[in-house]
Amino acid sequence: MKKWRYIVLLAGMMLCGCSISYKFNGANINYQTTHSISIADFPNNAAMVNPTLSPNLTEAIRDLFQRQTRLQILSKGGDLELEGEIVGYDISQGAISVDNYASENKLTIRVAVHFTNNIYPEESFDKTYSASQTYDASRLLTDVQDELCNIIITEISENIYNDTVAKW
């Protein structure tokens with residue numbers, strides 16, 4: 001019986017002395033030094049312009065940081081600064097059918113990002129993100145544009161998040 005007391009006592013001490021922390025959002029942020037992020041609007045400077053792309057992309061990035069971190073979101077002057085622009089919104093032919101007509105088209109969006117880490121400057125970077133989605137060539141872009149843009153925006157936003165604070 002004495003043996004069980006020691007095991008229970010030892011287990012209790014181990015549980016009290018250790019703590020396990022799981023982060024499911026993947027953020028790798030030192031909240032003691034980093035408190036805020038400023039996310040500027042991402043203007044659409046692509047040759048072909050979708051009028052809703054800029055506000056939707058900017059809002060998706062802000063929402064992701066709001067949901068996944070404890071950082072205060074600012075318009076400027078944050079410990080972390082994220083700014084950029086949409087530099088590409090392009091349609092290209094994808095697969096070609098047997099009769100030499102396009103059977104698929106591809107929408108590609110490119111976003112140039114400038115990230116500044118004012119706490120750890122060595123983590124700052126400039127990078128261009130790109131994502132694409134294909135759609136049936138028999139459909140008009142206007143019919144599928146909103147759905148495709150939402151998918152692409154999600155992918156680009158998550159890649160930006162991962163490179164800036166998740167460090168994947």
# chains A, B, ... in the order shown; residues from 1 in each chain; ligands from 1
$ closest_atom_pairs --of "stretch 66-118 of chain A" --to "stretch 128-141 of chain A" --cutoff "9 Å" --atoms "only C-alpha atoms" --output "Markdown table"
| residue | atom | partner | partner_atom | distance |
| --- | --- | --- | --- | --- |
| A:Val87 | CA | A:Thr128 | CA | 8.8 |
| A:Gly88 | CA | A:Ser130 | CA | 8.6 |
| A:Ile91 | CA | A:Leu141 | CA | 8.8 |
| A:Gln93 | CA | A:Ala137 | CA | 8.2 |
| A:Gly94 | CA | A:Thr134 | CA | 7.3 |
| A:Tyr101 | CA | A:Ala137 | CA | 8.9 |
| A:Ala102 | CA | A:Ala137 | CA | 6.2 |
| A:Ser103 | CA | A:Ala137 | CA | 5.1 |
| A:Glu104 | CA | A:Ala137 | CA | 4.5 |
| A:Asn105 | CA | A:Ala137 | CA | 5.3 |
| A:Lys106 | CA | A:Thr134 | CA | 4.2 |
| A:Leu107 | CA | A:Ser132 | CA | 5.4 |
| A:Thr108 | CA | A:Ser132 | CA | 4.2 |
| A:Ile109 | CA | A:Ser130 | CA | 5.6 |
| A:Arg110 | CA | A:Ser130 | CA | 4.3 |
| A:Val111 | CA | A:Tyr129 | CA | 5.1 |
| A:Ala112 | CA | A:Thr128 | CA | 4.2 |
| A:Val113 | CA | A:Thr128 | CA | 5.9 |
| A:His114 | CA | A:Thr128 | CA | 8.8 |
$ residues_around --residues "A:Gly77" --least-positions-apart "5" --cutoff "12 Å" --atoms "only C-alpha atoms" --output "PDB file with N, CA and C atoms, in the first residue's frame"
ATOM      1  N   HIS A  35       2.764  42.943 -29.437  1.00  0.00           N
ATOM      2  CA  HIS A  35       1.388  43.191 -28.989  1.00  0.00           C
ATOM      3  C   HIS A  35       0.426  43.551 -30.109  1.00  0.00           C
ATOM      4  N   SER A  36       0.954  44.010 -31.243  1.00  0.00           N
ATOM      5  CA  SER A  36       0.057  44.544 -32.269  1.00  0.00           C
ATOM      6  C   SER A  36       0.584  44.259 -33.666  1.00  0.00           C
ATOM      7  N   ILE A  37      -0.339  44.323 -34.608  1.00  0.00           N
ATOM      8  CA  ILE A  37      -0.002  44.227 -36.027  1.00  0.00           C
ATOM      9  C   ILE A  37      -0.809  45.276 -36.773  1.00  0.00           C
ATOM     10  N   SER A  38      -0.142  45.996 -37.646  1.00  0.00           N
ATOM     11  CA  SER A  38      -0.867  46.929 -38.504  1.00  0.00           C
ATOM     12  C   SER A  38      -0.988  46.288 -39.881  1.00  0.00           C
ATOM     13  N   ILE A  39      -2.204  46.283 -40.387  1.00  0.00           N
ATOM     14  CA  ILE A  39      -2.484  45.694 -41.690  1.00  0.00           C
ATOM     15  C   ILE A  39      -3.095  46.781 -42.565  1.00  0.00           C
ATOM     16  N   ALA A  40      -2.293  47.246 -43.517  1.00  0.00           N
ATOM     17  CA  ALA A  40      -2.744  48.303 -44.422  1.00  0.00           C
ATOM     18  C   ALA A  40      -3.693  47.711 -45.471  1.00  0.00           C
ATOM     19  N   GLN A  72      -3.348  43.028 -31.271  1.00  0.00           N
ATOM     20  CA  GLN A  72      -4.253  44.135 -31.531  1.00  0.00           C
ATOM     21  C   GLN A  72      -4.065  44.539 -32.995  1.00  0.00           C
ATOM     22  N   LEU A  82       2.153  44.843 -41.916  1.00  0.00           N
ATOM     23  CA  LEU A  82       1.865  44.069 -43.116  1.00  0.00           C
ATOM     24  C   LEU A  82       1.210  44.992 -44.139  1.00  0.00           C
ATOM     25  N   GLU A  83       1.846  45.083 -45.296  1.00  0.00           N
ATOM     26  CA  GLU A  83       1.292  45.907 -46.367  1.00  0.00           C
ATOM     27  C   GLU A  83       1.593  45.234 -47.696  1.00  0.00           C
ATOM     28  N   THR A 116       7.109  43.787 -42.129  1.00  0.00           N
ATOM     29  CA  THR A 116       8.133  44.357 -41.261  1.00  0.00           C
ATOM     30  C   THR A 116       7.869  43.908 -39.835  1.00  0.00           C
ATOM     31  N   ASN A 117       8.875  43.301 -39.226  1.00  0.00           N
ATOM     32  CA  ASN A 117       8.809  42.930 -37.821  1.00  0.00           C
ATOM     33  C   ASN A 117       9.689  43.924 -37.078  1.00  0.00           C
ATOM     34  N   ASN A 118       9.055  44.873 -36.377  1.00  0.00           N
ATOM     35  CA  ASN A 118       9.791  45.919 -35.671  1.00  0.00           C
ATOM     36  C   ASN A 118      10.436  45.416 -34.389  1.00  0.00           C
TER      37      ASN A 118
END
$ select_by_dssp --residues "stretch 22-162 of chain A" --states "strand (DSSP E)" --output "PyMOL selection string"
chain A and resi 36-39+72-74+80-93+104-117+125-136
$ write_last_selection --atoms "C-alpha atoms" --output "PDB file, in the first residue's frame"
ATOM      1  CA  SER A  36       0.057  44.544 -32.269  1.00  0.00           C
ATOM      2  CA  ILE A  37      -0.002  44.227 -36.027  1.00  0.00           C
ATOM      3  CA  SER A  38      -0.867  46.929 -38.504  1.00  0.00           C
ATOM      4  CA  ILE A  39      -2.484  45.694 -41.690  1.00  0.00           C
ATOM      5  CA  GLN A  72      -4.253  44.135 -31.531  1.00  0.00           C
ATOM      6  CA  ILE A  73      -5.102  45.046 -35.143  1.00  0.00           C
ATOM      7  CA  LEU A  74      -4.056  48.608 -36.027  1.00  0.00           C
ATOM      8  CA  LEU A  80       4.365  43.889 -36.907  1.00  0.00           C
ATOM      9  CA  GLU A  81       3.495  45.705 -40.132  1.00  0.00           C
ATOM     10  CA  LEU A  82       1.865  44.069 -43.116  1.00  0.00           C
ATOM     11  CA  GLU A  83       1.292  45.907 -46.367  1.00  0.00           C
ATOM     12  CA  GLY A  84       1.106  45.024 -49.998  1.00  0.00           C
ATOM     13  CA  GLU A  85      -0.747  45.237 -53.258  1.00  0.00           C
ATOM     14  CA  ILE A  86      -2.548  43.030 -55.712  1.00  0.00           C
ATOM     15  CA  VAL A  87      -0.213  42.905 -58.708  1.00  0.00           C
ATOM     16  CA  GLY A  88      -1.870  40.281 -60.853  1.00  0.00           C
ATOM     17  CA  TYR A  89      -5.375  39.153 -61.779  1.00  0.00           C
ATOM     18  CA  ASP A  90      -4.983  37.032 -64.863  1.00  0.00           C
ATOM     19  CA  ILE A  91      -7.000  34.578 -66.912  1.00  0.00           C
ATOM     20  CA  SER A  92      -5.149  31.965 -68.930  1.00  0.00           C
ATOM     21  CA  GLN A  93      -6.091  28.880 -70.873  1.00  0.00           C
ATOM     22  CA  GLU A 104     -10.473  24.917 -68.792  1.00  0.00           C
ATOM     23  CA  ASN A 105      -9.418  28.418 -67.927  1.00  0.00           C
ATOM     24  CA  LYS A 106      -7.336  29.421 -64.970  1.00  0.00           C
ATOM     25  CA  LEU A 107      -7.709  32.489 -62.749  1.00  0.00           C
ATOM     26  CA  THR A 108      -4.454  33.488 -61.058  1.00  0.00           C
ATOM     27  CA  ILE A 109      -4.093  36.196 -58.431  1.00  0.00           C
ATOM     28  CA  ARG A 110      -0.704  37.546 -57.333  1.00  0.00           C
ATOM     29  CA  VAL A 111      -0.142  39.668 -54.229  1.00  0.00           C
ATOM     30  CA  ALA A 112       3.138  41.436 -53.388  1.00  0.00           C
ATOM     31  CA  VAL A 113       3.628  41.648 -49.619  1.00  0.00           C
ATOM     32  CA  HIS A 114       6.016  43.692 -47.503  1.00  0.00           C
ATOM     33  CA  PHE A 115       6.248  42.412 -43.914  1.00  0.00           C
ATOM     34  CA  THR A 116       8.133  44.357 -41.261  1.00  0.00           C
ATOM     35  CA  ASN A 117       8.809  42.930 -37.821  1.00  0.00           C
ATOM     36  CA  PHE A 125      10.623  40.115 -45.772  1.00  0.00           C
ATOM     37  CA  ASP A 126       9.213  40.984 -49.181  1.00  0.00           C
ATOM     38  CA  LYS A 127       7.457  38.197 -51.057  1.00  0.00           C
ATOM     39  CA  THR A 128       4.940  37.694 -53.834  1.00  0.00           C
ATOM     40  CA  TYR A 129       2.141  35.193 -53.211  1.00  0.00           C
ATOM     41  CA  SER A 130       0.257  33.540 -56.014  1.00  0.00           C
ATOM     42  CA  ALA A 131      -2.713  31.185 -56.130  1.00  0.00           C
ATOM     43  CA  SER A 132      -4.821  29.828 -58.975  1.00  0.00           C
ATOM     44  CA  GLN A 133      -8.114  28.073 -59.585  1.00  0.00           C
ATOM     45  CA  THR A 134      -9.354  26.467 -62.775  1.00  0.00           C
ATOM     46  CA  TYR A 135     -12.879  26.584 -64.113  1.00  0.00           C
ATOM     47  CA  ASP A 136     -14.731  25.144 -67.062  1.00  0.00           C
TER      48      ASP A 136
END
$ select_by_dssp --residues "stretch 34-157 of chain A" --states "alpha helix (DSSP H)" --output "count of residues only"
33
$ closest_residue --among "A:Asn44, A:Gln145, A:Ser124, A:Ala60" --to "A:Asn159" --atoms "only C-alpha atoms"
A:Ala60
$ residues_around --residues "A:Ile119" --least-positions-apart "4" --cutoff "8 Å" --atoms "only C-alpha atoms" --output "PyMOL selection string"
chain A and resi 33-34+79-80
$ closest_residue --among "A:Ala27, A:Thr154, A:Lys167, A:Phe42" --to "A:Asp63" --atoms "only C-alpha atoms"
A:Thr154
$ residues_around --residues "A:Glu158" --least-positions-apart "5" --cutoff "10 Å" --atoms "only C-alpha atoms" --output "list in words"
Ala60, Ile61, Leu64, Phe65, Ile152, Ile153, Asp163, Thr164 and Ala166 of chain A
$ write_last_selection --atoms "N, CA and C atoms" --output "PDB file, in the first residue's frame"
ATOM      1  N   ALA A  60     -10.052  39.660 -45.298  1.00  0.00           N
ATOM      2  CA  ALA A  60      -9.733  38.253 -45.001  1.00  0.00           C
ATOM      3  C   ALA A  60      -8.451  38.146 -44.184  1.00  0.00           C
ATOM      4  N   ILE A  61      -7.455  38.942 -44.534  1.00  0.00           N
ATOM      5  CA  ILE A  61      -6.193  38.919 -43.780  1.00  0.00           C
ATOM      6  C   ILE A  61      -6.423  39.432 -42.368  1.00  0.00           C
ATOM      7  N   LEU A  64      -8.308  36.830 -40.289  1.00  0.00           N
ATOM      8  CA  LEU A  64      -7.473  35.685 -39.932  1.00  0.00           C
ATOM      9  C   LEU A  64      -6.589  36.012 -38.731  1.00  0.00           C
ATOM     10  N   PHE A  65      -5.953  37.171 -38.743  1.00  0.00           N
ATOM     11  CA  PHE A  65      -5.113  37.563 -37.609  1.00  0.00           C
ATOM     12  C   PHE A  65      -5.955  37.819 -36.364  1.00  0.00           C
ATOM     13  N   ILE A 152      -9.193  31.553 -53.589  1.00  0.00           N
ATOM     14  CA  ILE A 152      -7.835  32.076 -53.760  1.00  0.00           C
ATOM     15  C   ILE A 152      -7.459  33.012 -52.615  1.00  0.00           C
ATOM     16  N   ILE A 153      -8.367  33.867 -52.220  1.00  0.00           N
ATOM     17  CA  ILE A 153      -8.116  34.791 -51.103  1.00  0.00           C
ATOM     18  C   ILE A 153      -7.808  34.009 -49.833  1.00  0.00           C
ATOM     19  N   ASP A 163       3.632  32.522 -43.092  1.00  0.00           N
ATOM     20  CA  ASP A 163       4.987  33.061 -43.236  1.00  0.00           C
ATOM     21  C   ASP A 163       5.305  34.154 -42.225  1.00  0.00           C
ATOM     22  N   THR A 164       4.305  34.878 -41.760  1.00  0.00           N
ATOM     23  CA  THR A 164       4.560  35.992 -40.848  1.00  0.00           C
ATOM     24  C   THR A 164       4.571  35.589 -39.381  1.00  0.00           C
ATOM     25  N   ALA A 166       3.240  32.143 -38.139  1.00  0.00           N
ATOM     26  CA  ALA A 166       3.242  30.722 -37.842  1.00  0.00           C
ATOM     27  C   ALA A 166       4.609  30.101 -38.089  1.00  0.00           C
TER      28      ALA A 166
END
$ closest_residue --among "A:Thr142, A:Gln66, A:Asn50, A:Asn30" --to "A:Tyr161" --atoms "only C-alpha atoms"
A:Gln66
$ atom_distance --atom1 "atom CA of A:Glu155" --atom2 "atom CA of A:Tyr31"
25.7 Å
$ closest_residue --among "A:Arg70, A:Met48, A:Leu53, A:Pro43" --to "A:Val165" --atoms "only C-alpha atoms"
A:Arg70
